[in-house]
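So this one's protein-v6.cif, mmCIF, C-alpha atoms and all ligand atoms:
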data_target
loop_
_atom_site.label_atom_id
_atom_site.label_comp_id
_atom_site.auth_asym_id
_atom_site.auth_seq_id
_atom_site.Cartn_x
_atom_site.Cartn_y
_atom_site.Cartn_z
CA MET A 1 20.31 45.26 22.43
CA THR A 2 18.22 42.23 21.74
CA SER A 3 17.18 41.14 25.20
CA ASN A 4 15.24 44.06 26.58
CA THR A 5 11.95 44.00 24.71
CA THR A 6 9.75 44.90 27.69
CA ALA A 7 11.74 47.55 29.50
CA GLU A 8 8.83 48.64 31.72
CA ALA A 9 7.49 45.18 32.54
CA PRO A 10 7.67 44.52 36.28
CA SER A 11 8.73 40.91 35.89
CA ARG A 12 9.38 38.48 33.08
CA VAL A 13 7.57 35.26 32.40
CA LEU A 14 9.58 34.28 29.32
CA GLN A 15 13.16 34.76 28.26
CA VAL A 16 14.34 33.37 24.93
CA ASP A 17 18.04 33.74 24.12
CA SER A 18 19.48 33.02 20.67
CA ALA A 19 17.06 30.15 20.06
CA ARG A 20 17.66 28.19 16.89
CA LYS A 21 15.72 25.39 15.22
CA TYR A 22 16.79 23.93 11.89
CA PHE A 23 15.11 21.03 10.13
CA PRO A 24 17.18 18.78 7.85
CA VAL A 25 15.95 18.59 4.27
CA ARG A 26 15.57 15.09 2.91
CA ARG A 27 18.33 14.40 0.39
CA ALA A 28 17.45 13.06 -3.06
CA ARG A 29 20.78 11.21 -3.19
CA LEU A 30 22.99 10.21 -0.31
CA ARG A 31 25.98 12.08 -1.72
CA ASP A 32 24.02 15.36 -1.90
CA PRO A 33 25.11 17.87 0.74
CA ARG A 34 23.02 18.01 3.92
CA ARG A 35 20.80 21.12 3.81
CA HIS A 36 18.55 22.67 6.48
CA VAL A 37 15.39 24.76 6.73
CA HIS A 38 16.29 27.63 9.04
CA ALA A 39 12.86 27.68 10.68
CA VAL A 40 13.95 29.68 13.75
CA ASP A 41 17.28 31.50 13.73
CA SER A 42 18.88 33.42 16.62
CA VAL A 43 15.61 34.50 18.20
CA THR A 44 15.98 36.53 21.39
CA LEU A 45 12.96 37.96 23.16
CA THR A 46 11.42 38.70 26.54
CA LEU A 47 7.82 38.67 27.69
CA GLY A 48 6.51 40.37 30.83
CA THR A 49 4.18 38.70 33.32
CA GLY A 50 0.55 39.07 32.29
CA GLN A 51 1.49 40.49 28.88
CA THR A 52 0.71 39.36 25.34
CA LEU A 53 3.30 38.97 22.60
CA GLY A 54 1.84 38.75 19.10
CA ILE A 55 3.83 36.99 16.37
CA VAL A 56 3.11 37.79 12.72
CA GLY A 57 4.72 37.04 9.36
CA GLU A 58 4.09 35.21 6.11
CA SER A 59 3.18 31.54 6.01
CA GLY A 60 6.24 29.37 6.62
CA CYS A 61 8.31 32.11 8.31
CA GLY A 62 8.64 30.06 11.50
CA LYS A 63 5.89 31.35 13.81
CA SER A 64 4.58 27.95 14.86
CA THR A 65 8.06 26.50 15.21
CA LEU A 66 9.03 29.39 17.50
CA GLY A 67 5.81 28.84 19.47
CA ARG A 68 6.58 25.14 19.82
CA VAL A 69 10.13 25.90 20.94
CA ILE A 70 8.78 28.37 23.52
CA ILE A 71 6.41 25.87 25.10
CA GLY A 72 8.91 23.01 24.92
CA LEU A 73 7.21 20.92 22.22
CA GLU A 74 10.41 21.29 20.18
CA ARG A 75 13.91 21.40 21.62
CA PRO A 76 15.97 24.28 20.27
CA ASP A 77 19.19 23.17 18.52
CA ALA A 78 20.95 26.06 20.21
CA GLY A 79 20.07 28.83 22.64
CA THR A 80 17.84 28.75 25.70
CA VAL A 81 14.18 29.20 26.59
CA ARG A 82 13.20 29.95 30.17
CA VAL A 83 9.59 30.19 31.36
CA GLY A 84 8.72 31.58 34.79
CA VAL A 85 11.95 33.55 34.90
CA ASP A 86 11.01 36.08 37.59
CA ALA A 87 7.80 34.56 38.87
CA ALA A 88 9.27 33.15 42.06
CA ALA A 89 10.63 36.57 43.01
CA ALA A 90 7.25 38.16 42.34
CA GLY A 91 5.42 35.59 44.53
CA SER A 92 3.32 34.34 41.65
CA PRO A 93 0.05 32.53 42.49
CA ARG A 94 0.39 30.68 39.21
CA ALA A 95 2.01 27.33 38.66
CA LEU A 96 5.67 28.14 38.10
CA GLY A 97 6.97 27.34 34.66
CA VAL A 98 3.70 25.74 33.53
CA VAL A 99 2.79 26.39 29.92
CA GLN A 100 -0.22 25.40 27.88
CA ALA A 101 -1.30 25.76 24.29
CA VAL A 102 -4.45 26.22 22.22
CA PHE A 103 -4.21 25.44 18.50
CA GLN A 104 -6.37 26.12 15.47
CA ASP A 105 -8.41 22.95 15.26
CA PRO A 106 -10.36 22.28 18.47
CA ALA A 107 -12.02 19.12 17.15
CA GLY A 108 -8.62 17.59 16.47
CA ALA A 109 -7.31 18.66 19.87
CA LEU A 110 -10.08 16.97 21.87
CA ASP A 111 -10.33 13.23 22.41
CA PRO A 112 -13.71 12.22 20.90
CA ARG A 113 -14.13 9.52 23.57
CA MET A 114 -13.79 11.91 26.50
CA THR A 115 -16.49 14.14 27.94
CA VAL A 116 -15.83 17.83 28.42
CA ARG A 117 -15.32 17.25 32.15
CA GLN A 118 -12.81 14.44 31.53
CA SER A 119 -10.89 16.48 28.94
CA ILE A 120 -10.47 19.42 31.30
CA ALA A 121 -9.75 17.24 34.36
CA GLU A 122 -6.97 15.52 32.45
CA ALA A 123 -4.93 18.73 32.79
CA LEU A 124 -4.97 18.31 36.60
CA PRO A 125 -3.44 14.87 37.04
CA ASP A 126 -2.13 15.50 40.57
CA ALA A 127 -5.21 17.08 42.13
CA ASP A 128 -7.49 15.10 44.47
CA ARG A 129 -11.02 14.46 43.30
CA ALA A 130 -12.72 17.29 45.19
CA THR A 131 -10.15 19.87 44.05
CA ARG A 132 -10.39 18.60 40.50
CA ASP A 133 -14.19 18.86 40.42
CA ARG A 134 -14.11 22.38 41.84
CA ARG A 135 -11.39 23.59 39.47
CA VAL A 136 -13.10 22.04 36.43
CA ALA A 137 -16.38 23.76 37.38
CA GLU A 138 -14.54 27.08 37.81
CA ALA A 139 -12.77 26.71 34.47
CA LEU A 140 -16.06 25.92 32.70
CA GLU A 141 -17.60 29.03 34.19
CA GLU A 142 -14.59 31.13 33.24
CA VAL A 143 -15.01 30.26 29.57
CA GLY A 144 -18.76 30.78 29.62
CA LEU A 145 -19.85 27.14 29.58
CA THR A 146 -22.20 25.58 32.11
CA GLN A 147 -22.33 22.31 34.04
CA GLU A 148 -24.85 21.21 31.44
CA HIS A 149 -22.02 21.06 28.86
CA SER A 150 -19.68 19.10 31.07
CA ASP A 151 -21.06 15.62 30.31
CA ARG A 152 -21.17 16.15 26.56
CA TYR A 153 -18.75 14.70 24.04
CA PRO A 154 -16.91 16.98 21.55
CA HIS A 155 -19.23 16.08 18.64
CA GLU A 156 -22.17 17.37 20.70
CA LEU A 157 -20.66 20.88 20.82
CA SER A 158 -20.32 23.70 18.27
CA GLY A 159 -16.86 24.69 17.02
CA GLY A 160 -16.86 27.74 19.28
CA GLN A 161 -17.85 25.64 22.29
CA GLN A 162 -15.14 23.10 21.48
CA GLN A 163 -12.57 25.91 21.40
CA ARG A 164 -13.85 27.11 24.79
CA VAL A 165 -13.26 23.63 26.17
CA CYS A 166 -9.68 23.78 24.83
CA ILE A 167 -9.23 27.14 26.55
CA ALA A 168 -10.73 25.82 29.80
CA ARG A 169 -8.30 22.90 29.63
CA ALA A 170 -5.43 25.31 29.03
CA VAL A 171 -6.28 27.60 31.96
CA VAL A 172 -7.37 25.04 34.56
CA GLY A 173 -3.82 24.34 35.74
CA ARG A 174 -3.21 28.11 36.18
CA PRO A 175 -0.32 28.27 33.73
CA GLU A 176 1.97 31.25 33.53
CA LEU A 177 2.01 31.25 29.76
CA ILE A 178 -0.39 30.05 27.07
CA LEU A 179 0.56 29.68 23.42
CA LEU A 180 -2.36 30.62 21.17
CA ASP A 181 -1.37 29.41 17.69
CA GLU A 182 -4.13 30.48 15.28
CA ALA A 183 -6.50 29.69 18.15
CA VAL A 184 -9.32 31.90 16.87
CA THR A 185 -8.66 31.59 13.13
CA SER A 186 -11.34 28.99 12.47
CA LEU A 187 -14.06 30.94 14.33
CA ASP A 188 -16.40 33.42 12.67
CA ALA A 189 -15.85 37.13 13.30
CA SER A 190 -18.30 37.59 16.17
CA LEU A 191 -17.17 34.43 17.92
CA GLN A 192 -13.53 35.49 17.45
CA ALA A 193 -14.27 38.76 19.20
CA GLN A 194 -16.04 36.88 22.03
CA VAL A 195 -13.18 34.45 22.53
CA LEU A 196 -10.58 37.25 22.47
CA ASP A 197 -12.62 39.15 25.09
CA LEU A 198 -12.75 36.01 27.15
CA LEU A 199 -8.97 35.56 26.91
CA SER A 200 -8.40 39.23 27.85
CA GLY A 201 -10.67 38.83 30.88
CA LEU A 202 -8.80 35.70 31.95
CA GLN A 203 -5.53 37.59 31.64
CA GLU A 204 -6.82 40.43 33.81
CA ARG A 205 -8.06 38.03 36.48
CA THR A 206 -5.21 35.54 36.52
CA GLY A 207 -2.16 37.40 35.16
CA VAL A 208 -1.48 34.72 32.54
CA ALA A 209 0.78 35.76 29.64
CA TYR A 210 0.01 34.87 26.02
CA VAL A 211 2.05 34.25 22.91
CA PHE A 212 -0.51 34.97 20.22
CA ILE A 213 0.18 33.75 16.68
CA SER A 214 -2.23 34.77 13.95
CA HIS A 215 -2.49 35.68 10.28
CA ASP A 216 -5.02 38.32 11.30
CA LEU A 217 -2.90 41.45 11.81
CA ARG A 218 -5.86 43.41 13.08
CA ALA A 219 -6.59 40.86 15.79
CA VAL A 220 -2.89 40.66 16.71
CA ARG A 221 -2.35 44.37 17.19
CA ARG A 222 -5.60 44.77 19.13
CA PHE A 223 -4.94 41.84 21.41
CA SER A 224 -1.18 42.18 21.98
CA ASP A 225 1.01 44.48 24.05
CA GLN A 226 3.96 43.97 21.74
CA VAL A 227 4.23 42.42 18.30
CA ALA A 228 7.14 40.47 16.86
CA VAL A 229 7.42 40.42 13.06
CA MET A 230 9.19 37.34 11.65
CA TYR A 231 10.78 36.91 8.25
CA LEU A 232 12.38 33.61 7.19
CA GLY A 233 13.03 32.41 10.71
CA GLN A 234 14.27 35.66 12.17
CA LEU A 235 12.72 38.51 14.12
CA VAL A 236 12.98 41.65 12.00
CA GLU A 237 11.06 43.91 14.37
CA VAL A 238 9.61 43.81 17.88
CA ALA A 239 7.36 46.80 18.50
CA PRO A 240 4.77 47.99 20.98
CA ALA A 241 1.37 47.21 19.43
CA ALA A 242 0.61 50.95 19.56
CA ASP A 243 3.32 51.51 16.92
CA PHE A 244 1.52 49.26 14.47
CA ASP A 245 -0.48 52.01 12.80
CA THR A 246 2.25 54.32 11.55
CA GLY A 247 5.30 53.60 13.69
CA LEU A 248 6.70 50.38 12.22
CA LEU A 249 10.30 50.75 11.09
CA HIS A 250 11.34 47.65 9.14
CA PRO A 251 10.45 47.78 5.40
CA TYR A 252 9.00 44.26 5.59
CA SER A 253 6.78 45.15 8.57
CA VAL A 254 5.56 48.28 6.76
CA ALA A 255 4.75 46.19 3.67
CA LEU A 256 2.97 43.54 5.75
CA ARG A 257 0.97 46.18 7.63
CA SER A 258 -0.01 47.85 4.35
CA THR A 259 -1.84 44.68 3.29
CA GLU A 260 -4.32 45.08 6.13
CA PRO A 261 -7.57 46.49 4.74
CA ARG A 262 -8.89 49.63 6.39
CA LEU A 263 -12.37 49.17 7.82
CA PRO A 264 -15.03 51.79 8.56
CA GLY A 265 -14.40 53.20 12.02
CA ASP A 266 -10.62 52.67 11.88
CA SER A 267 -8.62 55.60 13.15
CA GLY A 268 -5.52 56.88 11.35
CA PRO A 269 -4.84 57.42 7.67
CA GLN A 270 -5.24 55.00 4.78
CA LEU A 271 -1.74 53.57 4.54
CA PRO A 272 -0.16 53.37 1.07
CA ARG A 273 0.05 49.80 -0.19
CA VAL A 274 3.63 48.54 -0.47
CA VAL A 275 3.66 45.77 -3.05
CA LEU A 276 6.56 43.35 -2.75
CA ASP A 277 8.11 41.80 -5.83
CA GLY A 278 8.70 38.09 -5.97
CA GLU A 279 8.16 35.23 -3.61
CA PRO A 280 9.93 34.94 -0.29
CA PRO A 281 13.28 33.22 -0.86
CA SER A 282 13.69 29.73 0.48
CA ALA A 283 14.43 29.23 4.16
CA ILE A 284 16.80 26.42 3.13
CA ASP A 285 20.35 27.58 3.87
CA PRO A 286 19.57 31.27 3.24
CA PRO A 287 22.36 33.48 1.88
CA PRO A 288 24.24 35.89 4.15
CA GLY A 289 22.99 39.44 4.60
CA CYS A 290 19.49 40.61 5.37
CA ARG A 291 17.01 37.87 4.45
CA PHE A 292 14.55 40.44 3.15
CA ALA A 293 17.09 42.21 0.90
CA ALA A 294 16.02 40.43 -2.31
CA ARG A 295 12.48 41.85 -2.04
CA CYS A 296 13.21 45.10 -0.22
CA PRO A 297 12.42 48.29 -2.19
CA VAL A 298 15.13 50.25 -0.35
CA ALA A 299 17.89 47.62 -0.13
CA GLU A 300 21.49 48.57 -0.88
CA ALA A 301 24.51 46.42 -1.73
CA ARG A 302 25.60 46.24 1.94
CA CYS A 303 22.21 44.74 2.89
CA ARG A 304 23.03 41.65 0.79
CA GLU A 305 26.42 41.25 2.44
CA THR A 306 25.98 41.63 6.19
CA LEU A 307 23.08 40.58 8.38
CA PRO A 308 22.04 43.58 10.50
CA GLU A 309 21.71 43.11 14.27
CA LEU A 310 18.36 43.50 16.00
CA VAL A 311 18.87 46.83 17.79
CA GLU A 312 16.72 48.91 20.11
CA GLU A 313 15.89 51.88 17.93
CA ARG A 314 13.46 53.40 20.42
CA PRO A 315 12.62 52.29 23.97
CA GLY A 316 11.02 48.85 23.72
CA HIS A 317 11.14 48.92 19.91
CA LEU A 318 13.72 46.74 18.18
CA VAL A 319 14.48 46.53 14.48
CA ARG A 320 16.90 44.59 12.28
CA CYS A 321 17.59 47.04 9.45
CA VAL A 322 20.29 49.51 8.42
CA LYS A 323 17.67 51.90 7.04
CA PRO A 324 14.95 51.77 9.70
CA GLY A 325 11.95 53.92 8.84
CA ALA A 326 12.85 54.28 5.13
CA LEU A 327 9.38 53.04 4.11
CA THR A 328 7.47 54.22 7.17
CA PRO A 329 4.51 56.44 6.23
CA ALA A 330 4.55 59.97 7.64
CA PRO A 331 2.11 60.13 10.58
CA ASP A 332 -0.68 62.15 8.94
CA SER A 333 -0.06 62.17 5.20
CA GLY A 334 -0.39 58.47 4.51
CA GLU A 335 2.73 58.83 2.35
CA ALA A 336 6.12 57.16 2.75
CA ALA A 337 8.53 59.29 4.79
N1 LIG B 1 8.85 19.06 11.50
C1 LIG B 1 9.34 19.73 10.45
N2 LIG B 1 10.22 19.17 9.60
C2 LIG B 1 10.73 19.84 8.56
N3 LIG B 1 10.44 21.13 8.27
C3 LIG B 1 9.57 21.75 9.07
C4 LIG B 1 8.97 21.10 10.19
N4 LIG B 1 8.14 21.98 10.82
C5 LIG B 1 8.21 23.12 10.11
N5 LIG B 1 9.07 23.00 9.07
C6 LIG B 1 9.44 24.06 8.11
O1 LIG B 1 9.88 25.17 8.88
C7 LIG B 1 9.42 26.38 8.29
C8 LIG B 1 8.58 27.14 9.31
O2 LIG B 1 7.37 26.44 9.54
P1 LIG B 1 6.26 26.96 10.56
O3 LIG B 1 5.19 25.95 10.64
O4 LIG B 1 6.93 27.35 11.82
O5 LIG B 1 5.73 28.27 9.81
P2 LIG B 1 4.52 29.25 10.19
O6 LIG B 1 5.06 30.63 10.19
O7 LIG B 1 3.82 28.78 11.41
O8 LIG B 1 3.57 29.09 8.92
P3 LIG B 1 1.95 29.16 8.82
O9 LIG B 1 1.62 30.62 8.91
O10 LIG B 1 1.68 28.59 7.47
O11 LIG B 1 1.38 28.36 9.94
C9 LIG B 1 8.66 25.99 7.04
O12 LIG B 1 9.55 26.10 5.95
C10 LIG B 1 8.28 24.54 7.29
O13 LIG B 1 8.16 23.84 6.08
MG MG B 2 1.89 28.06 11.82
#
Could you render the structure as structure tokens?
Ligand SMILES: Nc1ncnc2c1ncn2[C@@H]1O[C@H](COP(=O)(O)OP(=O)(O)OP(=O)(O)O)[C@@H](O)[C@H]1O
Ligand SMILES: [Mg+2]
Amino acid sequence: MTSNTTAEAPSRVLQVDSARKYFPVRRARLRDPRRHVHAVDSVTLTLGTGQTLGIVGESGCGKSTLGRVIIGLERPDAGTVRVGVDAAAAGSPRALGVVQAVFQDPAGALDPRMTVRQSIAEALPDADRATRDRRVAEALEEVGLTQEHSDRYPHELSGGQQQRVCIARAVVGRPELILLDEAVTSLDASLQAQVLDLLSGLQERTGVAYVFISHDLRAVRRFSDQVAVMYLGQLVEVAPAADFDTGLLHPYSVALRSTEPRLPGDSGPQLPRVVLDGEPPSAIDPPPGCRFAARCPVAEARCRETLPELVEERPGHLVRCVKPGALTPAPDSGEAA
């Protein structure tokens, strides 16, 4: 069922069980009923050591809130989040249970009064001076910066260099898991590719796992081992990234994937565009049934009545839909099956 998203993974670094985060909506009048934004609803997922989980979905569907719940910046209202689940058993060289995050805006994330060296060293509060200096130098080298950058202030660096400092600060404490929430979105295409290569290299060398949130579907499926698709606070599909071309099963995932433009050099067919009617419904006290039903081209009456479970349709591939695959294009025709 919902818990086994990485069947082949040797050990888990993250286990999320039925996590929920609602935000109260401000009431216009005191006697109005209390309503809530269902930002994250019953999310269950697993991430293997050294693996990357991508999270995609429309703006406001709850990606960042889920990320913040995962790294402990938000407390879930219900459910549990465990980091470092199996690391002790696997004899991990990484700091058990330590998580870090890199967000979209590096300038905002760095203290303008601190040098690069100070910003990175701040992530090692317990290390003695010699260890701290050595680890900071190593982290700078790992992200492709030199000692020459270490005495600069953030305003003396380019945006790409600032983001590298944020990454160095995230990796210096050897975390098990790093949340990357739109971490490369503000960088230009070539710099994005460089930073993603850098992050992949770090993962190979250190075994760190990533939760990678991005609007860029192409970047997500290239960079991730598995991809979770969110819709109005819920996971509707968790699939191996390899299934992203023609193997997605949930109608919403297929529609989302069909918005990705095909570029020269892409393999696979041109996927037919699935245009969705209407705006996403509000995440405030959503009605029962499948949350996508109102916009789903293949929805039936039962879809509006009962919320489907997230079930393992194929090994390692979970979907929350009673008609999985109804909009999935046939592998070589580019047409809906
Ligand atoms: N602190 C908060 N208080 C109230 N509502 C919030 C809060 N944080 C997020 N929300 C609401 O929760 C929902 C999910 O927000 P979230 O930021 O997680 O979306 P997202 O998928 O990351 O969107 P985007 O792609 O635009 O970054 C939205 O409806 C948002 O307005
Ligand atoms: Mg967000």
With a distance cut-off of 9 Å and all atoms listed in the file, select the neighbouring residues of A:Leu196, excluding the residue or stretch itself and same-chain residues fewer than 6 positions from it, and output the selection as an MDAnalysis selection string. chainID A and resid 184 219 223
Using only C-alpha atoms, list the residues that have an atom at most 6 Å from (28.3, 39.7, 3.4), coordinates as in the file, as a PyMOL selection string. chain A and resi 288-289+305-306
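In this structure, atom CA of A:Tyr252 sits 19.4 Å away from atom O3 of ligand LIG 1 (chain B).
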Residues within 10 Å of ligand LIG 1 (chain B) (only C-alpha atoms and all ligand atoms), as a ChimeraX atom specification? /A:21-26,36-40,55-69,74,104,181-182,213-215,230-233,282-284
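Between atom CA of A:Ser18 and atom CA of A:Thr206 lies a distance of 29.4 Å.
For the atom pair formed by atom CA of A:Gln51 and atom CA of A:Gly84, the distance is 12.9 Å, given to one decimal.
Nearest to A:Arg262 of all the residues A:Asp277, A:Asp245, A:Glu312, A:Glu138 is A:Asp245, counting all atoms listed in the file.
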Find the spatial neighbours of A:Ala294, counting all atoms listed in the file, within a cut-off of 10 Å - ignore same-chain residues fewer than 5 positions away - and output them as a ChimeraX atom specification. /A:276-281,289,299-300,303-304
Need to verify the contact set: A:Ser11, 7 Å, only C-alpha atoms, exclusion of same-chain residues closer than 3 positions in sequence. Can you return it as a compact mmCIF listing (two decimals) with C-alpha atoms, in the coordinates of the input?
# COMPACT_ATOMS: atom_id res chain seq x y z
CA GLY A 48 6.51 40.37 30.83
CA THR A 49 4.18 38.70 33.32
CA ASP A 86 11.01 36.08 37.59
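Compared by their closest atoms to A:Glu309, and using only C-alpha atoms, the residues A:Ser42, A:Asp133, A:Asp243, A:Leu14 rank with A:Ser42 nearest.
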As a compact mmCIF listing (two decimals), keeping the file's coordinate frame, please: stretch 285-309 of chain A completed to N, CA and C atoms.
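This is the output file out14.txt:
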# COMPACT_ATOMS: atom_id res chain seq x y z
N ASP A 285 19.02 26.97 3.91
CA ASP A 285 20.35 27.58 3.87
C ASP A 285 20.33 28.97 3.22
N PRO A 286 19.67 29.94 3.85
CA PRO A 286 19.57 31.27 3.24
C PRO A 286 20.94 31.92 3.09
N PRO A 287 21.07 32.82 2.09
CA PRO A 287 22.36 33.48 1.88
C PRO A 287 22.66 34.45 3.02
N PRO A 288 23.92 34.93 3.10
CA PRO A 288 24.24 35.89 4.15
C PRO A 288 23.52 37.21 3.88
N GLY A 289 23.64 38.14 4.79
CA GLY A 289 22.99 39.44 4.60
C GLY A 289 21.57 39.41 5.13
N CYS A 290 20.88 40.51 4.92
CA CYS A 290 19.49 40.61 5.37
C CYS A 290 18.64 39.68 4.54
N ARG A 291 17.81 38.86 5.19
CA ARG A 291 17.01 37.87 4.45
C ARG A 291 15.93 38.51 3.60
N PHE A 292 15.60 39.76 3.91
CA PHE A 292 14.55 40.44 3.15
C PHE A 292 15.13 41.22 1.97
N ALA A 293 16.45 41.30 1.87
CA ALA A 293 17.09 42.21 0.90
C ALA A 293 16.60 41.99 -0.53
N ALA A 294 16.38 40.71 -0.92
CA ALA A 294 16.02 40.43 -2.31
C ALA A 294 14.68 41.06 -2.70
N ARG A 295 13.81 41.29 -1.74
CA ARG A 295 12.48 41.85 -2.04
C ARG A 295 12.32 43.29 -1.54
N CYS A 296 13.36 43.81 -0.92
CA CYS A 296 13.21 45.10 -0.22
C CYS A 296 13.35 46.27 -1.20
N PRO A 297 12.36 47.17 -1.24
CA PRO A 297 12.42 48.29 -2.19
C PRO A 297 13.55 49.27 -1.88
N VAL A 298 14.10 49.27 -0.69
CA VAL A 298 15.13 50.25 -0.35
C VAL A 298 16.49 49.60 -0.06
N ALA A 299 16.64 48.32 -0.45
CA ALA A 299 17.89 47.62 -0.13
C ALA A 299 19.08 48.20 -0.89
N GLU A 300 20.24 48.14 -0.25
CA GLU A 300 21.49 48.57 -0.88
C GLU A 300 22.44 47.36 -0.93
N ALA A 301 23.56 47.54 -1.59
CA ALA A 301 24.51 46.42 -1.73
C ALA A 301 24.90 45.85 -0.36
N ARG A 302 25.14 46.72 0.63
CA ARG A 302 25.60 46.24 1.94
C ARG A 302 24.55 45.35 2.61
N CYS A 303 23.26 45.55 2.26
CA CYS A 303 22.21 44.74 2.89
C CYS A 303 22.34 43.27 2.49
N ARG A 304 22.89 43.03 1.27
CA ARG A 304 23.03 41.65 0.79
C ARG A 304 24.28 40.99 1.33
N GLU A 305 25.14 41.79 1.97
CA GLU A 305 26.42 41.25 2.44
C GLU A 305 26.43 40.92 3.92
N THR A 306 25.88 41.82 4.74
CA THR A 306 25.98 41.63 6.19
C THR A 306 24.60 41.63 6.81
N LEU A 307 24.36 40.64 7.68
CA LEU A 307 23.08 40.58 8.38
C LEU A 307 23.05 41.65 9.47
N PRO A 308 22.09 42.58 9.44
CA PRO A 308 22.04 43.58 10.50
C PRO A 308 21.65 42.94 11.84
N GLU A 309 22.11 43.52 12.92
CA GLU A 309 21.71 43.11 14.27
C GLU A 309 20.31 43.63 14.56
